[in-house]
Structures are given as structure tokens and as C-alpha cells.
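work_11.cif follows; it contains mmCIF, C-alpha atoms; chains and numbers go by the auth columns.
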data_work
#
loop_
_atom_site.group_PDB
_atom_site.id
_atom_site.type_symbol
_atom_site.label_atom_id
_atom_site.label_comp_id
_atom_site.label_asym_id
_atom_site.label_seq_id
_atom_site.Cartn_x
_atom_site.Cartn_y
_atom_site.Cartn_z
_atom_site.B_iso_or_equiv
_atom_site.auth_seq_id
_atom_site.auth_asym_id
ATOM 1 C CA MET A 1 10.618 15.508 -22.507 0.00 1 A
ATOM 2 C CA GLY A 2 8.031 17.983 -21.222 0.00 2 A
ATOM 3 C CA TYR A 3 4.799 17.447 -19.402 0.00 3 A
ATOM 4 C CA PRO A 4 1.707 16.567 -21.457 0.00 4 A
ATOM 5 C CA GLU A 5 -0.632 19.357 -22.539 0.00 5 A
ATOM 6 C CA ALA A 6 -3.300 18.157 -20.088 0.00 6 A
ATOM 7 C CA MET A 7 -1.001 19.070 -17.178 0.00 7 A
ATOM 8 C CA GLN A 8 0.099 22.516 -18.364 0.00 8 A
ATOM 9 C CA GLU A 9 -2.757 24.423 -16.650 0.00 9 A
ATOM 10 C CA SER A 10 -2.054 22.674 -13.368 0.00 10 A
ATOM 11 C CA ILE A 11 1.661 23.480 -13.643 0.00 11 A
ATOM 12 C CA LYS A 12 0.868 27.164 -14.241 0.00 12 A
ATOM 13 C CA LYS A 13 -1.262 27.240 -11.062 0.00 13 A
ATOM 14 C CA LEU A 14 1.539 25.551 -9.154 0.00 14 A
ATOM 15 C CA GLU A 15 4.114 28.065 -10.366 0.00 15 A
ATOM 16 C CA ALA A 16 1.812 31.038 -9.634 0.00 16 A
ATOM 17 C CA THR A 17 1.344 29.999 -5.991 0.00 17 A
ATOM 18 C CA ARG A 18 4.897 28.813 -5.266 0.00 18 A
ATOM 19 C CA ALA A 19 6.078 32.033 -3.539 0.00 19 A
ATOM 20 C CA PHE A 20 3.031 32.050 -1.252 0.00 20 A
ATOM 21 C CA ARG A 21 3.421 28.384 -0.380 0.00 21 A
ATOM 22 C CA LEU A 22 7.107 28.807 0.457 0.00 22 A
ATOM 23 C CA GLN A 23 6.208 31.469 3.034 0.00 23 A
ATOM 24 C CA GLN A 24 3.081 29.708 4.324 0.00 24 A
ATOM 25 C CA GLU A 25 3.162 28.425 7.895 0.00 25 A
ATOM 26 C CA ILE A 26 1.314 25.146 8.298 0.00 26 A
ATOM 27 C CA PRO A 27 0.691 24.282 11.964 0.00 27 A
ATOM 28 C CA ARG A 28 1.690 20.817 13.146 0.00 28 A
ATOM 29 C CA LEU A 29 -1.127 18.468 14.056 0.00 29 A
ATOM 30 C CA THR A 30 -1.492 17.202 17.585 0.00 30 A
ATOM 31 C CA PRO A 31 -1.448 13.408 18.021 0.00 31 A
ATOM 32 C CA GLU A 32 -5.235 13.482 18.474 0.00 32 A
ATOM 33 C CA GLU A 33 -5.674 15.474 15.244 0.00 33 A
ATOM 34 C CA LYS A 34 -3.392 13.048 13.383 0.00 34 A
ATOM 35 C CA ASN A 35 -5.397 10.061 14.602 0.00 35 A
ATOM 36 C CA ARG A 36 -8.690 11.717 13.664 0.00 36 A
ATOM 37 C CA LEU A 37 -7.364 12.508 10.177 0.00 37 A
ATOM 38 C CA LEU A 38 -6.111 8.950 9.708 0.00 38 A
ATOM 39 C CA GLU A 39 -9.395 7.479 10.895 0.00 39 A
ATOM 40 C CA GLN A 40 -11.307 9.661 8.424 0.00 40 A
ATOM 41 C CA CYS A 41 -9.076 9.229 5.381 0.00 41 A
ATOM 42 C CA HIS A 42 -6.599 6.338 5.547 0.00 42 A
ATOM 43 C CA PRO A 43 -7.863 2.980 4.213 0.00 43 A
ATOM 44 C CA ASP A 44 -6.086 1.028 6.965 0.00 44 A
ATOM 45 C CA PHE A 45 -8.226 2.799 9.564 0.00 45 A
ATOM 46 C CA ARG A 46 -11.616 2.182 7.936 0.00 46 A
ATOM 47 C CA PRO A 47 -13.504 -0.529 9.825 0.00 47 A
ATOM 48 C CA ASP A 48 -14.636 -2.101 6.548 0.00 48 A
ATOM 49 C CA GLY A 49 -11.099 -1.943 5.058 0.00 49 A
ATOM 50 C CA MET A 50 -9.708 -4.788 7.148 0.00 50 A
ATOM 51 C CA ARG A 51 -10.786 -8.209 8.320 0.00 51 A
ATOM 52 C CA PRO A 52 -9.240 -11.179 10.152 0.00 52 A
ATOM 53 C CA VAL A 53 -7.373 -13.850 8.213 0.00 53 A
ATOM 54 C CA ARG A 54 -9.219 -17.174 8.419 0.00 54 A
ATOM 55 C CA VAL A 55 -6.424 -19.623 7.506 0.00 55 A
ATOM 56 C CA GLY A 56 -2.696 -20.186 7.871 0.00 56 A
ATOM 57 C CA PRO A 57 -0.124 -19.009 10.393 0.00 57 A
ATOM 58 C CA ASN A 58 -1.623 -15.496 10.442 0.00 58 A
ATOM 59 C CA ARG A 59 -5.097 -16.756 11.328 0.00 59 A
ATOM 60 C CA GLY A 60 -6.958 -14.203 13.434 0.00 60 A
ATOM 61 C CA GLN A 61 -4.755 -11.227 12.530 0.00 61 A
ATOM 62 C CA ARG A 62 -6.553 -8.249 10.991 0.00 62 A
ATOM 63 C CA MET A 63 -5.185 -7.211 7.615 0.00 63 A
ATOM 64 C CA GLN A 64 -6.293 -5.224 4.582 0.00 64 A
ATOM 65 C CA ASN A 65 -9.060 -6.937 2.623 0.00 65 A
ATOM 66 C CA GLU A 66 -6.941 -7.119 -0.530 0.00 66 A
ATOM 67 C CA LEU A 67 -4.113 -8.916 1.301 0.00 67 A
ATOM 68 C CA VAL A 68 -6.518 -11.321 2.990 0.00 68 A
ATOM 69 C CA ASP A 69 -8.022 -12.079 -0.435 0.00 69 A
ATOM 70 C CA LEU A 70 -4.558 -13.110 -1.653 0.00 70 A
ATOM 71 C CA LEU A 71 -3.692 -15.142 1.454 0.00 71 A
ATOM 72 C CA GLU A 72 -6.995 -17.017 1.394 0.00 72 A
ATOM 73 C CA ALA A 73 -7.078 -17.625 -2.362 0.00 73 A
ATOM 74 C CA TYR A 74 -6.443 -20.989 -3.924 0.00 74 A
ATOM 75 C CA SER A 75 -2.848 -21.424 -5.042 0.00 75 A
ATOM 76 C CA ARG A 76 -2.075 -20.838 -8.698 0.00 76 A
ATOM 77 C CA ILE A 77 0.453 -23.671 -8.473 0.00 77 A
ATOM 78 C CA ASP A 78 -0.813 -27.160 -9.239 0.00 78 A
ATOM 79 C CA PRO A 79 0.864 -29.390 -6.605 0.00 79 A
ATOM 80 C CA ASP A 80 0.548 -32.403 -8.921 0.00 80 A
ATOM 81 C CA ARG A 81 2.878 -30.683 -11.412 0.00 81 A
ATOM 82 C CA VAL A 82 5.626 -29.905 -8.862 0.00 82 A
ATOM 83 C CA ASP A 83 8.318 -32.566 -8.415 0.00 83 A
ATOM 84 C CA LEU A 84 10.030 -31.897 -5.088 0.00 84 A
ATOM 85 C CA SER A 85 12.290 -34.957 -5.465 0.00 85 A
ATOM 86 C CA ARG A 86 14.315 -33.116 -8.157 0.00 86 A
ATOM 87 C CA VAL A 87 16.273 -29.957 -7.264 0.00 87 A
ATOM 88 C CA ASP A 88 16.604 -27.419 -10.102 0.00 88 A
ATOM 89 C CA TYR A 89 18.845 -24.958 -8.218 0.00 89 A
ATOM 90 C CA ASP A 90 20.885 -25.500 -5.058 0.00 90 A
ATOM 91 C CA VAL A 91 21.683 -22.203 -3.325 0.00 91 A
ATOM 92 C CA ASP A 92 22.935 -21.084 0.072 0.00 92 A
ATOM 93 C CA VAL A 93 20.775 -17.951 0.182 0.00 93 A
ATOM 94 C CA LEU A 94 17.511 -17.273 -1.642 0.00 94 A
ATOM 95 C CA VAL A 95 16.018 -13.788 -1.550 0.00 95 A
ATOM 96 C CA VAL A 96 12.336 -13.661 -2.452 0.00 96 A
ATOM 97 C CA GLY A 97 10.691 -10.282 -2.977 0.00 97 A
ATOM 98 C CA GLY A 98 13.741 -8.077 -2.471 0.00 98 A
ATOM 99 C CA GLY A 99 11.788 -5.202 -4.075 0.00 99 A
#
Please go through the file and, once you have read it, give me the structure as C-alpha cells.
Amino acid sequence: MGYPEAMQESIKKLEATRAFRLQQEIPRLTPEEKNRLLEQCHPDFRPDGMRPVRVGPNRGQRMQNELVDLLEAYSRIDPDRVDLSRVDYDVDVLVVGGG
């Protein structure tokens, strides 16, 4: 399966510059240059991209806004519908979010 037609022009440019890019020397950044680049471009370094968590065991830690939104949101689970007196599965090890 080939690339879609919309990408063909970009692929041609890539192929035309490949030899040059293989020979190109790109200087390494100093630690100060890396930090400056991260502060300018990376969302984790933007002052408005993070805020402290207001609740739970991570209270006070600064995290990305999107993660804090999830941690501070109301649960989607209705506690009145969960019966903890009945065990559905009994396991020795439970892996959650093994990705």
C-alpha cells in the first residue's frame, strides 16, 4: 500500500534532499541551548501549560493542565452502583495500564 497522493510531493522533496542531509553536519546543542529551546517550544515548559493539583495524594504537585483536569474531575463511576461486598474476580496480580 503506497502513500496517499497528498503526500507524494513531500516525498519527492525528501528524496531530492536525502544525499545532502546524509552529509550534513548538525552541531550539538549546549545544555543552555537545549534548555532555551525546550522553554520556547515544549508544552511542559510553558508557564501556562502546568498548574498545581488541588486534591488527592498529589496535591500541590505541578502537572500538565490536561492531566490535572482528569485528576480533579468527578468520577465517571457511580459509587452507589458498585457493590464491594461481592468479588467478581480474585487474582494475585492485577496489572492496570500496562500499555
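By all atoms listed in the file, and with residues fewer than 3 positions from Val53 in chain A along its chain excluded, the set lying at most 12 Å from it is A:Met50, A:Gly56, A:Pro57, A:Asn58, A:Arg59, A:Gly60, A:Gln61, A:Arg62, A:Met63, A:Gln64, A:Asn65, A:Glu66, A:Leu67, A:Val68, A:Asp69, A:Leu70, A:Leu71, A:Glu72, A:Ala73.
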At what distance in Å, to one decimal, does CA of Thr30 in chain A lie from CA of His42 in chain A?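 CA of Thr30 in chain A lies at a distance of 17.0 Å from CA of His42 in chain A.
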Expressed in Å, the length from CA of Asp78 in chain A to CA of Val96 in chain A is 20.0 Å
Practice prompt. Quote the spacing between CA of Ala6 in chain A and CA of Cys41 in chain A in Å to one decimal place.
Written response: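 Computed distance, CA of Ala6 in chain A to CA of Cys41 in chain A, equals 27.6 Å.
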Listed atoms of range 35-39 of chain A boxed axis-aligned with 3 Å per side, centre + edges as JSON:
{"center_x": -7.4, "center_y": 10.0, "center_z": 12.2, "size_x": 10.0, "size_y": 11.0, "size_z": 10.9}
